[in-house]
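**Q** Handing over run.txt, compact mmCIF, N, CA, C and O atoms.
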```txt
# COMPACT_ATOMS: atom_id res chain seq x y z
N MET N 1343 -16.54 32.66 -6.25
CA MET N 1343 -15.75 31.74 -7.05
C MET N 1343 -15.64 30.41 -6.32
O MET N 1343 -15.40 30.35 -5.12
N VAL N 1344 -15.79 29.31 -7.04
CA VAL N 1344 -15.68 27.97 -6.46
C VAL N 1344 -14.21 27.58 -6.39
O VAL N 1344 -13.45 27.78 -7.33
N THR N 1345 -13.79 27.05 -5.24
CA THR N 1345 -12.41 26.63 -5.05
C THR N 1345 -12.38 25.16 -4.62
O THR N 1345 -13.13 24.78 -3.73
N PRO N 1346 -11.56 24.33 -5.25
CA PRO N 1346 -11.46 22.93 -4.81
C PRO N 1346 -11.05 22.83 -3.35
O PRO N 1346 -10.31 23.67 -2.85
N ALA N 1347 -11.52 21.82 -2.66
CA ALA N 1347 -11.28 21.67 -1.23
C ALA N 1347 -9.81 21.58 -0.88
O ALA N 1347 -9.39 22.04 0.18
N LEU N 1348 -9.00 20.99 -1.75
CA LEU N 1348 -7.59 20.80 -1.43
C LEU N 1348 -6.68 21.82 -2.10
O LEU N 1348 -5.50 21.58 -2.29
N GLY N 1349 -7.23 22.94 -2.49
CA GLY N 1349 -6.42 23.96 -3.13
C GLY N 1349 -6.63 23.97 -4.63
O GLY N 1349 -7.51 23.30 -5.15
N PRO N 1350 -5.82 24.72 -5.34
CA PRO N 1350 -6.01 24.87 -6.78
C PRO N 1350 -5.87 23.54 -7.52
O PRO N 1350 -5.06 22.69 -7.16
N SER N 1351 -6.68 23.36 -8.54
CA SER N 1351 -6.59 22.16 -9.37
C SER N 1351 -5.51 22.35 -10.42
O SER N 1351 -5.02 23.46 -10.63
N SER N 1352 -5.17 21.29 -11.11
CA SER N 1352 -4.13 21.40 -12.14
C SER N 1352 -4.58 22.30 -13.29
O SER N 1352 -3.76 22.92 -13.95
N SER N 1353 -5.88 22.39 -13.52
CA SER N 1353 -6.39 23.23 -14.60
C SER N 1353 -6.64 24.67 -14.14
O SER N 1353 -6.85 25.55 -14.95
N GLY N 1354 -6.67 24.88 -12.82
CA GLY N 1354 -7.00 26.19 -12.29
C GLY N 1354 -8.49 26.37 -12.03
O GLY N 1354 -8.90 27.33 -11.42
N GLY N 1355 -9.31 25.44 -12.52
CA GLY N 1355 -10.76 25.53 -12.33
C GLY N 1355 -11.24 24.50 -11.33
O GLY N 1355 -10.46 23.70 -10.81
N PRO N 1356 -12.53 24.53 -11.04
CA PRO N 1356 -13.08 23.53 -10.11
C PRO N 1356 -12.95 22.12 -10.71
O PRO N 1356 -12.85 21.95 -11.92
N GLU N 1357 -12.94 21.12 -9.85
CA GLU N 1357 -12.86 19.75 -10.35
C GLU N 1357 -13.73 18.84 -9.51
O GLU N 1357 -14.09 19.15 -8.39
N VAL N 1358 -14.05 17.70 -10.10
CA VAL N 1358 -14.81 16.65 -9.42
C VAL N 1358 -13.89 15.45 -9.30
O VAL N 1358 -13.17 15.12 -10.25
N VAL N 1359 -13.89 14.80 -8.15
CA VAL N 1359 -13.06 13.62 -7.96
C VAL N 1359 -13.98 12.40 -7.95
O VAL N 1359 -14.90 12.31 -7.14
N PHE N 1360 -13.72 11.47 -8.86
CA PHE N 1360 -14.47 10.23 -8.92
C PHE N 1360 -13.70 9.16 -8.16
O PHE N 1360 -12.50 9.00 -8.38
N THR N 1361 -14.38 8.45 -7.28
CA THR N 1361 -13.75 7.34 -6.58
C THR N 1361 -14.61 6.09 -6.76
O THR N 1361 -15.83 6.16 -6.82
N PHE N 1362 -13.92 4.96 -6.87
CA PHE N 1362 -14.58 3.67 -6.98
C PHE N 1362 -13.93 2.76 -5.96
O PHE N 1362 -12.72 2.76 -5.79
N GLU N 1363 -14.74 1.98 -5.24
CA GLU N 1363 -14.16 1.17 -4.18
C GLU N 1363 -14.52 -0.29 -4.32
O GLU N 1363 -15.41 -0.67 -5.06
N ASP N 1364 -13.78 -1.10 -3.57
CA ASP N 1364 -14.00 -2.54 -3.46
C ASP N 1364 -13.69 -3.30 -4.74
O ASP N 1364 -14.26 -4.34 -5.01
N GLY N 1365 -12.79 -2.79 -5.54
CA GLY N 1365 -12.44 -3.46 -6.79
C GLY N 1365 -11.06 -4.05 -6.70
O GLY N 1365 -10.47 -4.10 -5.63
N PRO N 1366 -10.55 -4.45 -7.82
CA PRO N 1366 -11.19 -4.42 -9.13
C PRO N 1366 -12.22 -5.54 -9.27
O PRO N 1366 -12.11 -6.58 -8.65
N HIS N 1367 -13.23 -5.29 -10.10
CA HIS N 1367 -14.30 -6.26 -10.32
C HIS N 1367 -14.28 -6.67 -11.78
O HIS N 1367 -14.21 -5.82 -12.67
N GLU N 1368 -14.33 -7.97 -12.03
CA GLU N 1368 -14.18 -8.49 -13.38
C GLU N 1368 -15.28 -8.06 -14.35
O GLU N 1368 -15.07 -8.07 -15.56
N GLU N 1369 -16.44 -7.66 -13.88
CA GLU N 1369 -17.50 -7.20 -14.77
C GLU N 1369 -17.59 -5.69 -14.87
O GLU N 1369 -17.91 -5.16 -15.93
N HIS N 1370 -17.36 -4.99 -13.78
CA HIS N 1370 -17.67 -3.56 -13.72
C HIS N 1370 -16.48 -2.63 -13.96
O HIS N 1370 -16.67 -1.52 -14.45
N THR N 1371 -15.28 -3.07 -13.63
CA THR N 1371 -14.14 -2.16 -13.73
C THR N 1371 -13.80 -1.79 -15.17
O THR N 1371 -13.54 -0.62 -15.47
N SER N 1372 -13.80 -2.75 -16.06
CA SER N 1372 -13.43 -2.47 -17.45
C SER N 1372 -14.34 -1.43 -18.11
O SER N 1372 -13.85 -0.47 -18.72
N PRO N 1373 -15.68 -1.56 -18.00
CA PRO N 1373 -16.54 -0.51 -18.60
C PRO N 1373 -16.33 0.86 -17.97
O PRO N 1373 -16.43 1.89 -18.65
N ILE N 1374 -16.02 0.89 -16.68
CA ILE N 1374 -15.74 2.17 -16.02
C ILE N 1374 -14.47 2.78 -16.61
O ILE N 1374 -14.43 3.97 -16.95
N LEU N 1375 -13.42 1.96 -16.75
CA LEU N 1375 -12.17 2.45 -17.33
C LEU N 1375 -12.39 2.92 -18.76
O LEU N 1375 -11.84 3.95 -19.18
N ASP N 1376 -13.19 2.20 -19.53
CA ASP N 1376 -13.49 2.61 -20.91
C ASP N 1376 -14.15 3.98 -20.95
O ASP N 1376 -13.78 4.84 -21.74
N ALA N 1377 -15.15 4.18 -20.08
CA ALA N 1377 -15.87 5.46 -20.05
C ALA N 1377 -14.96 6.60 -19.62
O ALA N 1377 -15.01 7.70 -20.19
N LEU N 1378 -14.13 6.36 -18.62
CA LEU N 1378 -13.21 7.40 -18.17
C LEU N 1378 -12.24 7.77 -19.29
O LEU N 1378 -11.98 8.96 -19.53
N ALA N 1379 -11.71 6.77 -19.99
CA ALA N 1379 -10.77 7.03 -21.09
C ALA N 1379 -11.45 7.80 -22.22
O ALA N 1379 -10.86 8.72 -22.80
N GLN N 1380 -12.68 7.44 -22.51
CA GLN N 1380 -13.42 8.13 -23.58
C GLN N 1380 -13.57 9.62 -23.31
O GLN N 1380 -13.57 10.43 -24.22
N HIS N 1381 -13.66 9.97 -22.04
CA HIS N 1381 -13.86 11.37 -21.67
C HIS N 1381 -12.61 12.04 -21.12
O HIS N 1381 -12.67 13.19 -20.68
N GLY N 1382 -11.48 11.32 -21.11
CA GLY N 1382 -10.24 11.91 -20.62
C GLY N 1382 -10.28 12.25 -19.14
O GLY N 1382 -9.72 13.27 -18.72
N VAL N 1383 -10.93 11.40 -18.36
CA VAL N 1383 -11.12 11.66 -16.93
C VAL N 1383 -10.32 10.65 -16.11
O VAL N 1383 -10.27 9.47 -16.45
N SER N 1384 -9.72 11.12 -15.03
CA SER N 1384 -9.02 10.25 -14.10
C SER N 1384 -9.87 10.02 -12.86
O SER N 1384 -10.76 10.83 -12.55
N ALA N 1385 -9.59 8.93 -12.16
CA ALA N 1385 -10.35 8.60 -10.95
C ALA N 1385 -9.42 7.95 -9.94
O ALA N 1385 -8.26 7.67 -10.23
N ILE N 1386 -9.96 7.71 -8.76
CA ILE N 1386 -9.26 6.99 -7.70
C ILE N 1386 -9.97 5.65 -7.52
O ILE N 1386 -11.19 5.62 -7.35
N PHE N 1387 -9.20 4.58 -7.56
CA PHE N 1387 -9.75 3.24 -7.37
C PHE N 1387 -9.20 2.67 -6.07
O PHE N 1387 -8.00 2.51 -5.92
N PHE N 1388 -10.10 2.37 -5.13
CA PHE N 1388 -9.71 1.78 -3.86
C PHE N 1388 -9.80 0.26 -3.98
O PHE N 1388 -10.86 -0.30 -4.19
N VAL N 1389 -8.64 -0.39 -3.86
CA VAL N 1389 -8.53 -1.82 -4.08
C VAL N 1389 -8.65 -2.57 -2.76
O VAL N 1389 -8.02 -2.21 -1.78
N THR N 1390 -9.47 -3.62 -2.77
CA THR N 1390 -9.59 -4.52 -1.64
C THR N 1390 -8.70 -5.72 -1.92
O THR N 1390 -8.88 -6.41 -2.92
N GLY N 1391 -7.72 -5.95 -1.06
CA GLY N 1391 -6.66 -6.92 -1.31
C GLY N 1391 -7.09 -8.33 -1.63
O GLY N 1391 -6.50 -8.99 -2.49
N TRP N 1392 -8.14 -8.83 -0.99
CA TRP N 1392 -8.53 -10.21 -1.24
C TRP N 1392 -8.93 -10.42 -2.69
O TRP N 1392 -8.83 -11.53 -3.21
N ARG N 1393 -9.38 -9.35 -3.37
CA ARG N 1393 -9.81 -9.50 -4.77
C ARG N 1393 -8.66 -9.80 -5.72
O ARG N 1393 -8.88 -10.32 -6.80
N ILE N 1394 -7.44 -9.46 -5.31
CA ILE N 1394 -6.31 -9.70 -6.20
C ILE N 1394 -5.35 -10.75 -5.64
O ILE N 1394 -4.33 -11.03 -6.24
N ALA N 1395 -5.71 -11.32 -4.48
CA ALA N 1395 -4.86 -12.35 -3.88
C ALA N 1395 -4.78 -13.57 -4.80
O ALA N 1395 -5.72 -13.85 -5.55
N GLY N 1396 -3.68 -14.28 -4.74
CA GLY N 1396 -3.43 -15.40 -5.65
C GLY N 1396 -4.45 -16.50 -5.63
O GLY N 1396 -4.62 -17.20 -6.62
N THR N 1397 -5.17 -16.68 -4.54
CA THR N 1397 -6.10 -17.81 -4.44
C THR N 1397 -7.56 -17.41 -4.65
O THR N 1397 -8.42 -18.28 -4.67
N SER N 1398 -7.85 -16.15 -4.82
CA SER N 1398 -9.25 -15.75 -4.97
C SER N 1398 -9.76 -16.05 -6.38
O SER N 1398 -9.00 -16.11 -7.34
N LYS N 1399 -11.06 -16.25 -6.49
CA LYS N 1399 -11.68 -16.49 -7.78
C LYS N 1399 -11.47 -15.26 -8.67
O LYS N 1399 -11.59 -14.14 -8.20
N ASN N 1400 -11.13 -15.49 -9.92
CA ASN N 1400 -10.91 -14.41 -10.91
C ASN N 1400 -9.71 -13.53 -10.59
O ASN N 1400 -9.62 -12.41 -11.09
N ALA N 1401 -8.79 -14.00 -9.76
CA ALA N 1401 -7.65 -13.17 -9.35
C ALA N 1401 -6.81 -12.72 -10.55
O ALA N 1401 -6.38 -11.56 -10.59
N ASP N 1402 -6.58 -13.59 -11.51
CA ASP N 1402 -5.77 -13.20 -12.67
C ASP N 1402 -6.44 -12.08 -13.46
O ASP N 1402 -5.79 -11.12 -13.87
N THR N 1403 -7.74 -12.19 -13.68
CA THR N 1403 -8.49 -11.15 -14.39
C THR N 1403 -8.44 -9.85 -13.62
O THR N 1403 -8.24 -8.78 -14.19
N ARG N 1404 -8.61 -9.93 -12.33
CA ARG N 1404 -8.61 -8.73 -11.49
C ARG N 1404 -7.24 -8.08 -11.45
O ARG N 1404 -7.13 -6.85 -11.48
N ARG N 1405 -6.18 -8.89 -11.40
CA ARG N 1405 -4.82 -8.31 -11.43
C ARG N 1405 -4.57 -7.62 -12.77
O ARG N 1405 -3.93 -6.55 -12.81
N ALA N 1406 -5.06 -8.18 -13.84
CA ALA N 1406 -4.92 -7.54 -15.16
C ALA N 1406 -5.67 -6.22 -15.19
O ALA N 1406 -5.18 -5.23 -15.76
N LEU N 1407 -6.83 -6.17 -14.59
CA LEU N 1407 -7.58 -4.92 -14.53
C LEU N 1407 -6.86 -3.88 -13.68
O LEU N 1407 -6.84 -2.69 -14.02
N LEU N 1408 -6.26 -4.32 -12.59
CA LEU N 1408 -5.49 -3.40 -11.76
C LEU N 1408 -4.29 -2.86 -12.53
O LEU N 1408 -4.01 -1.66 -12.49
N ALA N 1409 -3.61 -3.73 -13.27
CA ALA N 1409 -2.48 -3.28 -14.09
C ALA N 1409 -2.95 -2.27 -15.13
O ALA N 1409 -2.27 -1.26 -15.37
N ARG N 1410 -4.09 -2.51 -15.74
CA ARG N 1410 -4.64 -1.55 -16.72
C ARG N 1410 -4.93 -0.22 -16.04
O ARG N 1410 -4.64 0.86 -16.60
N THR N 1411 -5.51 -0.28 -14.86
CA THR N 1411 -5.85 0.93 -14.12
C THR N 1411 -4.60 1.77 -13.87
O THR N 1411 -4.60 2.99 -14.05
N VAL N 1412 -3.52 1.11 -13.48
CA VAL N 1412 -2.25 1.80 -13.25
C VAL N 1412 -1.69 2.34 -14.57
O VAL N 1412 -1.25 3.49 -14.64
N ARG N 1413 -1.72 1.52 -15.61
CA ARG N 1413 -1.20 1.94 -16.92
C ARG N 1413 -1.92 3.19 -17.43
O ARG N 1413 -1.32 4.05 -18.05
N GLU N 1414 -3.22 3.28 -17.15
CA GLU N 1414 -4.01 4.42 -17.60
C GLU N 1414 -3.92 5.60 -16.64
O GLU N 1414 -4.68 6.56 -16.75
N ARG N 1415 -3.01 5.51 -15.68
CA ARG N 1415 -2.61 6.61 -14.81
C ARG N 1415 -3.69 7.06 -13.83
O ARG N 1415 -3.76 8.23 -13.45
N HIS N 1416 -4.50 6.14 -13.38
CA HIS N 1416 -5.45 6.43 -12.32
C HIS N 1416 -4.74 6.26 -10.99
O HIS N 1416 -3.69 5.62 -10.91
N THR N 1417 -5.30 6.80 -9.94
CA THR N 1417 -4.72 6.67 -8.61
C THR N 1417 -5.29 5.42 -7.94
O THR N 1417 -6.48 5.14 -8.06
N ILE N 1418 -4.41 4.69 -7.25
CA ILE N 1418 -4.82 3.48 -6.54
C ILE N 1418 -4.77 3.76 -5.04
O ILE N 1418 -3.78 4.29 -4.54
N GLY N 1419 -5.83 3.40 -4.35
CA GLY N 1419 -5.88 3.54 -2.90
C GLY N 1419 -6.05 2.18 -2.24
O GLY N 1419 -6.62 1.26 -2.83
N ASN N 1420 -5.55 2.03 -1.04
CA ASN N 1420 -5.62 0.79 -0.28
C ASN N 1420 -6.92 0.75 0.51
O ASN N 1420 -7.17 1.62 1.34
N HIS N 1421 -7.72 -0.27 0.26
CA HIS N 1421 -8.99 -0.42 1.00
C HIS N 1421 -8.92 -1.61 1.95
O HIS N 1421 -9.92 -2.26 2.20
N THR N 1422 -7.74 -1.89 2.46
CA THR N 1422 -7.38 -3.01 3.33
C THR N 1422 -7.50 -4.33 2.57
O THR N 1422 -7.92 -4.37 1.42
N VAL N 1423 -7.15 -5.41 3.23
CA VAL N 1423 -7.22 -6.72 2.59
C VAL N 1423 -8.65 -7.24 2.59
O VAL N 1423 -9.16 -7.71 1.58
N HIS N 1424 -9.33 -7.11 3.72
CA HIS N 1424 -10.67 -7.68 3.86
C HIS N 1424 -11.75 -6.64 4.07
O HIS N 1424 -12.84 -6.98 4.52
N HIS N 1425 -11.46 -5.39 3.77
CA HIS N 1425 -12.40 -4.28 3.95
C HIS N 1425 -12.82 -4.14 5.41
O HIS N 1425 -13.98 -3.92 5.73
N ALA N 1426 -11.85 -4.26 6.29
CA ALA N 1426 -12.13 -4.10 7.71
C ALA N 1426 -12.56 -2.67 8.01
O ALA N 1426 -12.06 -1.73 7.42
N HIS N 1427 -13.50 -2.52 8.91
CA HIS N 1427 -13.94 -1.20 9.35
C HIS N 1427 -13.05 -0.80 10.53
O HIS N 1427 -13.32 -1.13 11.68
N MET N 1428 -11.97 -0.11 10.20
CA MET N 1428 -10.89 0.15 11.16
C MET N 1428 -11.34 0.90 12.41
O MET N 1428 -10.71 0.78 13.45
N CYS N 1429 -12.40 1.67 12.34
CA CYS N 1429 -12.84 2.44 13.50
C CYS N 1429 -13.69 1.61 14.45
O CYS N 1429 -13.98 2.05 15.56
N THR N 1430 -14.09 0.41 14.03
CA THR N 1430 -15.01 -0.36 14.86
C THR N 1430 -14.44 -1.69 15.32
O THR N 1430 -15.09 -2.40 16.07
N ILE N 1431 -13.23 -2.05 14.88
CA ILE N 1431 -12.66 -3.33 15.29
C ILE N 1431 -11.58 -3.10 16.34
O ILE N 1431 -11.04 -2.00 16.47
N LYS N 1432 -11.26 -4.15 17.07
CA LYS N 1432 -10.18 -4.06 18.05
C LYS N 1432 -8.85 -3.86 17.32
O LYS N 1432 -8.64 -4.41 16.25
N ARG N 1433 -7.99 -3.09 17.91
CA ARG N 1433 -6.72 -2.75 17.29
C ARG N 1433 -5.93 -3.98 16.83
O ARG N 1433 -5.37 -4.01 15.73
N GLU N 1434 -5.90 -5.04 17.67
CA GLU N 1434 -5.13 -6.21 17.32
C GLU N 1434 -5.70 -6.97 16.11
O GLU N 1434 -5.04 -7.78 15.50
N LYS N 1435 -6.93 -6.68 15.73
CA LYS N 1435 -7.54 -7.32 14.55
C LYS N 1435 -7.30 -6.50 13.28
O LYS N 1435 -7.58 -6.95 12.19
N GLY N 1436 -6.79 -5.29 13.44
CA GLY N 1436 -6.58 -4.41 12.29
C GLY N 1436 -5.51 -4.92 11.35
O GLY N 1436 -4.57 -5.60 11.76
N GLU N 1437 -5.66 -4.63 10.09
CA GLU N 1437 -4.69 -5.04 9.08
C GLU N 1437 -3.82 -3.82 8.75
O GLU N 1437 -4.12 -3.07 7.84
N TRP N 1438 -2.80 -3.62 9.52
CA TRP N 1438 -1.96 -2.44 9.34
C TRP N 1438 -1.04 -2.71 8.26
O TRP N 1438 -0.20 -2.73 7.78
```
Re-express the file's structure as structure tokens.
**A**
Amino acid sequence: MVTPALGPSSSGGPEVVFTFEDGPHEEHTSPILDALAQHGVSAIFFVTGWRIAGTSKNADTRRALLARTVRERHTIGNHTVHHAHMCTIKREKGEW
């Protein structure tokens, strides 16, 4: 019998976890959300902070996509502000 890695799923059966990173993206996130909604599937979206910062290009569109992602009950994960590789940078450069 197949068992999910983190214990029983909410349905009791095996499950697949979809993750998307480095978003939200003004071209790609919306079609992904549409497809997930069409199939009743949830996912985890790892957000990179600079994409939604007030001064970045398309920030308003990206913030709206993030709000939609939350409204549609997907999980949001922190992918740092600048996508720092935390295992390879000096501690004082880390974005804690």
**Q** Rounded to one decimal place, report the atom O of Phe1387 of chain N-atom CA of His1421 of chain N distance in Å.
**A**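 Value for the atom O of Phe1387 of chain N-atom CA of His1421 of chain N distance: 7.6 Å.
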**Q** List every residue of chain N that DSSP, applied to the backbone, labels as alpha helix (DSSP H), and write the result as JSON, numbers by chain.
**A** {"N": [1371, 1372, 1373, 1374, 1375, 1376, 1377, 1378, 1379, 1380, 1381, 1401, 1402, 1403, 1404, 1405, 1406, 1407, 1408, 1409, 1410, 1411, 1412, 1413]}
**Q** Between N:Lys1399, N:His1370, N:Arg1410, N:His1416, single out the one closest to Ile1386 of chain N, counting only C-alpha atoms.
**A**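 Answer, going by the shortest atom-to-atom distance: N:His1416.
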**Q** Between N:Val1358, N:Ala1406, N:Val1389, N:Ala1395, which one has atoms that come closest to Thr1422 of chain N, using all atoms listed in the file?
**A**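 Smallest distance to Thr1422 of chain N is found for N:Val1389.
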**Q** Give me, as JSON, numbers by chain, the residues of chain N that a backbone DSSP run labels strand (DSSP E or B).
**A** {"N": [1360, 1361, 1362, 1363, 1364, 1365, 1385, 1386, 1387, 1388, 1389, 1417, 1418, 1419, 1420]}
**Q** So that I have them on file, write out the residues from the current selection with N, CA, C and O atoms, as a JSON list (two decimals), in the frame of the given file.
**A**
```
[["chain", "number", "residue", "atom", "x", "y", "z"],
["N", 1360, "PHE", "N", -13.72, 11.47, -8.86],
["N", 1360, "PHE", "CA", -14.47, 10.23, -8.92],
["N", 1360, "PHE", "C", -13.70, 9.16, -8.16],
["N", 1360, "PHE", "O", -12.50, 9.00, -8.38],
["N", 1361, "THR", "N", -14.38, 8.45, -7.28],
["N", 1361, "THR", "CA", -13.75, 7.34, -6.58],
["N", 1361, "THR", "C", -14.61, 6.09, -6.76],
["N", 1361, "THR", "O", -15.83, 6.16, -6.82],
["N", 1362, "PHE", "N", -13.92, 4.96, -6.87],
["N", 1362, "PHE", "CA", -14.58, 3.67, -6.98],
["N", 1362, "PHE", "C", -13.93, 2.76, -5.96],
["N", 1362, "PHE", "O", -12.72, 2.76, -5.79],
["N", 1363, "GLU", "N", -14.74, 1.98, -5.24],
["N", 1363, "GLU", "CA", -14.16, 1.17, -4.18],
["N", 1363, "GLU", "C", -14.52, -0.29, -4.32],
["N", 1363, "GLU", "O", -15.41, -0.67, -5.06],
["N", 1364, "ASP", "N", -13.78, -1.10, -3.57],
["N", 1364, "ASP", "CA", -14.00, -2.54, -3.46],
["N", 1364, "ASP", "C", -13.69, -3.30, -4.74],
["N", 1364, "ASP", "O", -14.26, -4.34, -5.01],
["N", 1365, "GLY", "N", -12.79, -2.79, -5.54],
["N", 1365, "GLY", "CA", -12.44, -3.46, -6.79],
["N", 1365, "GLY", "C", -11.06, -4.05, -6.70],
["N", 1365, "GLY", "O", -10.47, -4.10, -5.63],
["N", 1385, "ALA", "N", -9.59, 8.93, -12.16],
["N", 1385, "ALA", "CA", -10.35, 8.60, -10.95],
["N", 1385, "ALA", "C", -9.42, 7.95, -9.94],
["N", 1385, "ALA", "O", -8.26, 7.67, -10.23],
["N", 1386, "ILE", "N", -9.96, 7.71, -8.76],
["N", 1386, "ILE", "CA", -9.26, 6.99, -7.70],
["N", 1386, "ILE", "C", -9.97, 5.65, -7.52],
["N", 1386, "ILE", "O", -11.19, 5.62, -7.35],
["N", 1387, "PHE", "N", -9.20, 4.58, -7.56],
["N", 1387, "PHE", "CA", -9.75, 3.24, -7.37],
["N", 1387, "PHE", "C", -9.20, 2.67, -6.07],
["N", 1387, "PHE", "O", -8.00, 2.51, -5.92],
["N", 1388, "PHE", "N", -10.10, 2.37, -5.13],
["N", 1388, "PHE", "CA", -9.71, 1.78, -3.86],
["N", 1388, "PHE", "C", -9.80, 0.26, -3.98],
["N", 1388, "PHE", "O", -10.86, -0.30, -4.19],
["N", 1389, "VAL", "N", -8.64, -0.39, -3.86],
["N", 1389, "VAL", "CA", -8.53, -1.82, -4.08],
["N", 1389, "VAL", "C", -8.65, -2.57, -2.76],
["N", 1389, "VAL", "O", -8.02, -2.21, -1.78],
["N", 1417, "THR", "N", -5.30, 6.80, -9.94],
["N", 1417, "THR", "CA", -4.72, 6.67, -8.61],
["N", 1417, "THR", "C", -5.29, 5.42, -7.94],
["N", 1417, "THR", "O", -6.48, 5.14, -8.06],
["N", 1418, "ILE", "N", -4.41, 4.69, -7.25],
["N", 1418, "ILE", "CA", -4.82, 3.48, -6.54],
["N", 1418, "ILE", "C", -4.77, 3.76, -5.04],
["N", 1418, "ILE", "O", -3.78, 4.29, -4.54],
["N", 1419, "GLY", "N", -5.83, 3.40, -4.35],
["N", 1419, "GLY", "CA", -5.88, 3.54, -2.90],
["N", 1419, "GLY", "C", -6.05, 2.18, -2.24],
["N", 1419, "GLY", "O", -6.62, 1.26, -2.83],
["N", 1420, "ASN", "N", -5.55, 2.03, -1.04],
["N", 1420, "ASN", "CA", -5.62, 0.79, -0.28],
["N", 1420, "ASN", "C", -6.92, 0.75, 0.51],
["N", 1420, "ASN", "O", -7.17, 1.62, 1.34]]
```
**Q** Between N:Val1423, N:Ile1418, N:Ala1401, N:Leu1407, which one has atoms that come closest to Ala1385 of chain N, using all atoms listed in the file?
**A**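 Closest candidate: N:Ile1418.
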**Q** Considering all atoms listed in the file, can you say which of N:Pro1366, N:Gly1355, N:Pro1350, N:Gly1382 comes closest to Asn1400 of chain N?
**A**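 When distances to Asn1400 of chain N are compared using all atoms listed in the file, the smallest one comes from N:Pro1366.
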**Q** Quick one: pull the distance between atom CA of His1367 of chain N and atom CA of Arg1404 of chain N, Å, one decimal.
**A**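 Between atom CA of His1367 of chain N and atom CA of Arg1404 of chain N the gap works out to 6.3 Å.
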**Q** To test the calculation: enclose all listed atoms of segment 1374-1384 of chain N in a box whose edges run along x, y and z, add 3 Å on each side, then state centre and edge lengths in Å to one decimal, as lines of an AutoDock Vina configuration file.
**A**
```
center_x = -12.5
center_y = 7.1
center_z = -18.4
size_x = 13.0
size_y = 18.4
size_z = 17.7
```
**Q** What's the separation between atom CA of Gly1354 of chain N and atom CA of Asn1420 of chain N, in Å to one decimal place?
**A**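 One can read the atom CA of Gly1354 of chain N to atom CA of Asn1420 of chain N distance as 28.1 Å.
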